[in-house]
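A.B. asks: My questions will all concern the structure given below.
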Amino acid sequence: MTAEIGHFALILALLVAVVQATVPLIGAHKGRQAWMAVARPAAITQFGLLAVAFGCLMQLYITSDFSVLNVVMNSHTDKPLLYKIAGVWGNHEGSLLLWVLILSLFGSAVAVFGANLPPGLRARALAVQAMIAVGFYLFMLLTSNPFERVFPVPINGRDLNPLLQDPGLAIHPPMLYLGYVGFSMAFSFAIAALIEGRVDAAWARWVRPWTLAAWCFLTGGIALGSWWAYYELGWGGWWFWDPVENASFMPWLAGTALLHSSTVVEKRDTLKGWTILLAIIAFSLSLLGTFLVRSGVLTSVHAFATDPARGVFILGLLIVVIGGSLALFAWRGPALVSTGLFKPVSREGALLFNNLVLATAAAAVLLGTLYPLLLDAIGGGKVSVGPPFFNTVFIPLMIPMIIAMAIGPILSWKRADLMTAVNKLWLALLAALVAMAVVSVLRSEGPLLGIIGIGLAAWLGAGTLIELTGRIRLFRAPLGESLGRLRGMPRAAWGMTLGHLGLAIAIAGMTGAGAWKVESIQSMKPGETVQVAGYDFAFEGVKSSQGPNYSIVEGTFNVTQNGKPVVTLNAEKRVYNVSSRPTTEAGIHTMFTGDLYAVIGDEEDNGGYVTRLYFNPLVVWMWAGVLLMMFAGTLSLTDRRHRVGAPKKHQPSAATAPAGA
Amino acid sequence: MQSRFLYILPVLVFLVMAIYFAVGLTKDPKILPSALIDKPVPEFSLPAIEGGYGKGFTSEDLKKGKVSVLNVFASWCIPCRAEHPFITRLAEMKIAPVYGLNYKDKAAEALRWLKELGDPYFAIGADTKGRVGIDWGVYGVPETFIIDGRGKIRYKHVGPLNQEALDEKILPVIRKLSK
């Protein structure tokens with residue numbers, strides 16, 4: 001019965017979405033208030049129906065109802081409750097249901113909090129949202145129904161892929177989807193603006209919080225996925241340029257560009273066409289990510305559904321949504337007139353430069369991800385381009401951008417003098433040179449790129465702080481005045497400062513972990529000691545035990561440095577009972593200078609174990625930097641200007657509530 | 001005029017991409033490159049599953065002038081369970097002996113699996129450590145190879161067999177090679 005209720009709710013949601021996609025649009029065109037007013041209740045109803053459908057599927061998982069195919073394929077009675085719940089979205093059908101749930105959540109948020117939007121813009125944006133929803137509902141109902149029954153009813157389920165039974169991965173997909181789907185808001189507003197033929201500061205101010213919220217979630221989602229890969233896959237790495245990782249990284253790059261260009265639209269009334277295009281691209285890349293992961297056109301370790309029939313449907317959806325919106329852009333885009341003029345050397349110019357680099361980077365990642373597909377299509381056979389391609393293309397692109405990142409915020413709008421700006425940054429240059437000198441002495445045998453990376457991090461960090469001191473007139477005005485200015489700084493400005501600082505810290509971490517990683521793979525018998533990066537790993541032996549639905553082989557390493565004890569690391573290898581599949585849980589000790597990382601592998605014939613021991617420098621900097629970036633985004637989201645004009649009753653959280661709900 | 005073109009450019013780029021996607025979709029994602037196609041089978045000698053029956057098989061068994069099939073399976077592999085009826089169907093046709101390569105499996109579990117589902121194989125070799133699997137370029141389990149009478153690998157199927165794969169790929173290749 002529960003399954004049927006869920007299925008029925010999904011069908012009803014489709015019908016409501018069809019109404020929401022058409023009636024308000026016609027109403028907005030003909031200027032009929034009553035027709036336009038349909039959009040708000042429809043959007044809220046859609047969310048209600050989706051919440052019912054999602055609740056039903058969750059209920060089926062929690063009660064282990066094995067008459068439902070989706071539950072059979074992905075759950076098991078012995079599974080801990082957390083993973084029964086996470087199992088809802090740990091598979092193709094369920095993850096799509098989560099996707100549309102979030103889409104309807106954003107839609108209803110516009111309906112509830114969008115009281116101060118122009119009615120036409122609101123009606124059109126909600127109609128566009130509903131069109132996307134119609135596509136996804138049809139996709140689910142026709143090819144991927146999560147409520148499909150199975151007969152005869154199996155006694156037990158097949159369990160969730162053990163790699164996915166992990167707390168990090170339980171919340172990773174919802175975070176990522178909040179990011180992906182969040183860009184649908186920017187997209188809907190962009191399409192609505194194209195239809196209306198008007199983009200102004202108010203429009204940019206409306207789109208910005210959605211983009212910011214989506215960006216924060218996507219940043220968090222990518223970081224969680226990366227963190228999961230780091231401790232769960234047991235390879236000591238945190239980014240593999242895997243197609244699925246790229247699928248989330250491309251919208252992030254485009255979204256970051258959008259975040260910056262929408263500021264220009266808001267403040268300077270220029271770059272309009274470009275901003276609209278970025279909004280379309282950011283969401284298109286999110287859709288493409290879904291397509292790449294779900295359709296099976298690319299083989300990947302992460303993919304959990306490969307079915308060409310679904311692929312055809314998603315391709316059709318992509319052509320309609322992306323092709324349609326780009327065609328609309330080609331038709332209506334030239335009508336968007338930008339009034340703000342600017343010189344190449346100016347804040348606008350720097351932001352445009354950042355945009356072009358980010359867009360090029362996204363295009364490069366797209367090319368590298370799709371290249372195997374392209375080659376296959378022209379008959380070149382299946383290949384995959386690995387990290388070498390991405391590293392040689394991506395890193396050189398990022399270097400000039402990071403150099404410009406410190407300069408841009410110091411430039412004034414419209415027209416600026418480069419020399420004045422550079423003069424202000426002599427201290428940052430000095431910091432970078434000192435950092436590079438120190439690193440090249442400490443790590444003389446490391447790659448040149450490591451030294452450059454640390455130099456860039458120091459440059460960006462120092463440059464950002466110099467901008468902050470200039471803003472509050474530190475040392476040039478009395479301290480009291482400076483502190484007053486510091487307190488009075490808008491939260492959006494804090495967002496920029498902290499976001500850039502976060503990136504500087506993260507770059508230092510990525511450089512450290514990439515350039516100076518020390519790894520050692522060997523067979524060890526209990527009692528043996530191996531030295532890695534000055535740390536002695538003494539292998540104490542293994543013991544076996546039982547987890548809730550897996551058995552554990554746990555290896556213990558006593559780590560010492562110069563005879564002084566540092567830590568005891570426990571590295572686990574788990575074998576899941578139902579699928580008999582092994583997973584690794586790396587033993588990790590995090591220190592300011594780096595992570596000690598131990599993985600235990602298979603037992604050898606001679607009684608030894610394969611062990612992999614790593615020293616991963618500065619990894620914690622990377623996570624800290626990303627967290628700071630997320631915090632900066634959230635802070636910027638609470639900026640006063642996003643609330644100005646909102647009705648009093650929604651005042652405290654007009655911009656944040658939809659994202660946090 | 002020039003700026004008008006800039007606005008049209010994105011949709012053109014996307015259309016080209018869409019064409020590539022459409023072509024890409026017609027290709028089977030399961031066909032992975034195998035450097036071993038048309039190469040002789042690697043030399044190996046596999047014992048029977050410990051505590052089981054039969055006496056395993058060696059690369060020599062695959063060079064006896066008859067087309068043969070090698071199926072890589074394991075009791076821990078869920079798709080193998082799904083493909084098992086089709087392996088059985090193929091074996092019952094008796095058009096080519098089906099050898100089973102039991103990949104990285106525990107003897108007791110493999111035997112329980114075979115007892116539960118039935119043993120369709122002409123002979124089974126136990127590759128407990130997966131060393132022979134590496135020589136064969138095994139990418140994931142299950143995989144199925146077709147070997148011609150002279151011991152050359154002529155076809156590789158990645159992933160579980162189903163009726164469609166059997167009818168449209170495996171059987172035609174066996175028939176062609178048997179001529």
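Numbering starts fresh at 1 for the residues of each chain in the structure tokens, the chains themselves are lettered A, B, ... in the order given, and ligands are numbered from 1 as they appear.
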Can you list, as a list in words, every protein, DNA or RNA residue that comes within 9 Å of Ala18 (chain B) when you count only C-alpha atoms, leaving out same-chain residues fewer than 6 positions away?

C.D. replies: Leu315, Leu318, Ile319 and Gly323 of chain A

A.B. asks: As a list of chain:residue names, please: every residue in region 97-126 of chain B that a backbone DSSP assignment puts in strand (DSSP E).

C.D. replies: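 Checking each residue of region 97-126 of chain B, the strand (DSSP E) ones are B:Val98, B:Tyr99, B:Gly100, B:Leu101, B:Asn102, B:Tyr103, B:Ala123, B:Ile124, B:Gly125, B:Ala126.
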
A.B. asks: Out of B:Phe44, B:Phe145, B:Tyr103, B:Trp76, which residue has the shortest atom-to-atom distance to chain A when counting only C-alpha atoms?

C.D. replies: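 Looking only at the distances to chain A, the closest residue turns out to be B:Trp76.
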
A.B. asks: Could you tell me how far CA of Arg208 (chain A) sits from CA of Tyr180 (chain A), in Å to one decimal place?

C.D. replies: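 Between these atoms lies a distance of 15.2 Å.
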
A.B. asks: Leaving out Pro154 (chain A) and any residue of its chain fewer than 3 positions from it, which residues lie within 10 Å of it when counting only C-alpha atoms, given as a PyMOL selection string?

C.D. replies: chain A and resi 65-69+72+150-151+157-158

A.B. asks: Selection from above, N, CA and C atoms, as a compact mmCIF listing (two decimals), in the first residue's frame, can you write it?

C.D. replies:
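Output below, filename selection13.txt:
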# COMPACT_ATOMS: atom_id res chain seq x y z
N ASP A 65 10.60 -3.56 3.31
CA ASP A 65 9.52 -4.16 2.54
C ASP A 65 10.10 -4.74 1.24
N PHE A 66 10.34 -6.05 1.26
CA PHE A 66 11.01 -6.65 0.10
C PHE A 66 10.06 -7.01 -1.03
N SER A 67 8.84 -6.49 -0.97
CA SER A 67 7.99 -6.66 -2.15
C SER A 67 8.25 -5.53 -3.13
N VAL A 68 9.11 -4.60 -2.74
CA VAL A 68 9.46 -3.50 -3.64
C VAL A 68 10.86 -3.74 -4.19
N LEU A 69 10.97 -3.78 -5.51
CA LEU A 69 12.22 -4.15 -6.17
C LEU A 69 13.40 -3.30 -5.70
N VAL A 72 14.70 -4.40 -2.41
CA VAL A 72 15.39 -5.69 -2.53
C VAL A 72 16.80 -5.49 -3.04
N VAL A 150 7.84 -6.45 -6.77
CA VAL A 150 8.48 -7.65 -7.29
C VAL A 150 7.72 -8.85 -6.74
N PHE A 151 7.54 -9.87 -7.59
CA PHE A 151 6.86 -11.08 -7.16
C PHE A 151 7.55 -12.27 -7.82
N GLY A 157 17.10 -8.84 1.21
CA GLY A 157 17.58 -7.98 0.13
C GLY A 157 19.04 -8.24 -0.19
N ARG A 158 19.53 -7.52 -1.21
CA ARG A 158 20.89 -7.75 -1.68
C ARG A 158 21.89 -6.78 -1.07

A.B. asks: Would you pick out the contacts of Lys79 (chain A) at 12 Å or less, using only C-alpha atoms, so that residues sharing its chain but fewer than 2 positions from it are not included, and give the list as an MDAnalysis selection string?

C.D. replies: chainID A and resid 61:64 71 74:77 81:87 156:162 165:166 547:550 576:578

A.B. asks: Enter the distance from CA of Gly94 (chain A) to CA of Ile281 (chain A), in Å, rounded to one decimal.

C.D. replies: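 Computing it gives 25.8 Å between the two atoms.
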
A.B. asks: Need to verify the contact set: Glu585 (chain A), 6 Å, only C-alpha atoms, exclusion of same-chain residues closer than 6 positions in sequence. Can you return it as a PyMOL selection string?

C.D. replies: chain A and resi 232+571-572

A.B. asks: Using only C-alpha atoms, determine which residues lie at most 12 Å from Ser59 (chain B), disregarding the query and same-chain residues fewer than 5 positions distant; provide the list as a list in words.

C.D. replies: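 Close residues of Ser59 (chain B): Pro40, Val41, Pro42, Glu43, Phe44, Ser45, Leu46, Pro47, Lys64, Ser68, Leu70, Tyr99, Leu101, Gly125, Val132, Asp135, Trp136, Ile147, Gly149, Arg150, Gly151, Lys152 and Ile153 of chain B.
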
A.B. asks: Counting only C-alpha atoms, figure out which residue out of A:Met629, A:Leu351, A:Ala202, A:Ala598 gets nearest to His260 (chain A).

C.D. replies: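 When distances to His260 (chain A) are compared using only C-alpha atoms, the smallest one comes from A:Leu351.
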
A.B. asks: Give me the residues within 10 Å of Leu166 (chain B) as a short mmCIF file (atom, residue, chain, number, x, y, z; two decimals) with C-alpha atoms, in the first residue's frame, counting only C-alpha atoms and dropping any in the same chain fewer than 5 places off.

C.D. replies:
data_model
loop_
_atom_site.label_atom_id
_atom_site.label_comp_id
_atom_site.auth_asym_id
_atom_site.auth_seq_id
_atom_site.Cartn_x
_atom_site.Cartn_y
_atom_site.Cartn_z
CA PHE B 86 22.33 -18.19 -19.19
CA ILE B 87 25.66 -19.90 -18.64
CA ARG B 89 21.65 -22.55 -21.09
CA LEU B 90 24.83 -22.06 -23.12
CA LEU B 161 25.38 -12.51 -19.93
CA LEU B 171 26.18 -17.65 -30.13
CA PRO B 172 26.92 -15.98 -33.51
CA VAL B 173 30.62 -15.76 -32.63
#

A.B. asks: Would you mind telling me which residue in A:Leu259, A:Leu278, A:Leu25, A:Ala39 lies nearest to chain B when using only C-alpha atoms?

C.D. replies: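 The answer is A:Leu278, which sits nearest to chain B.
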
A.B. asks: Report the distance between CA of Thr369 (chain A) and CA of Val357 (chain A) in Å, rounded to one decimal place.

C.D. replies: 18.1 Å
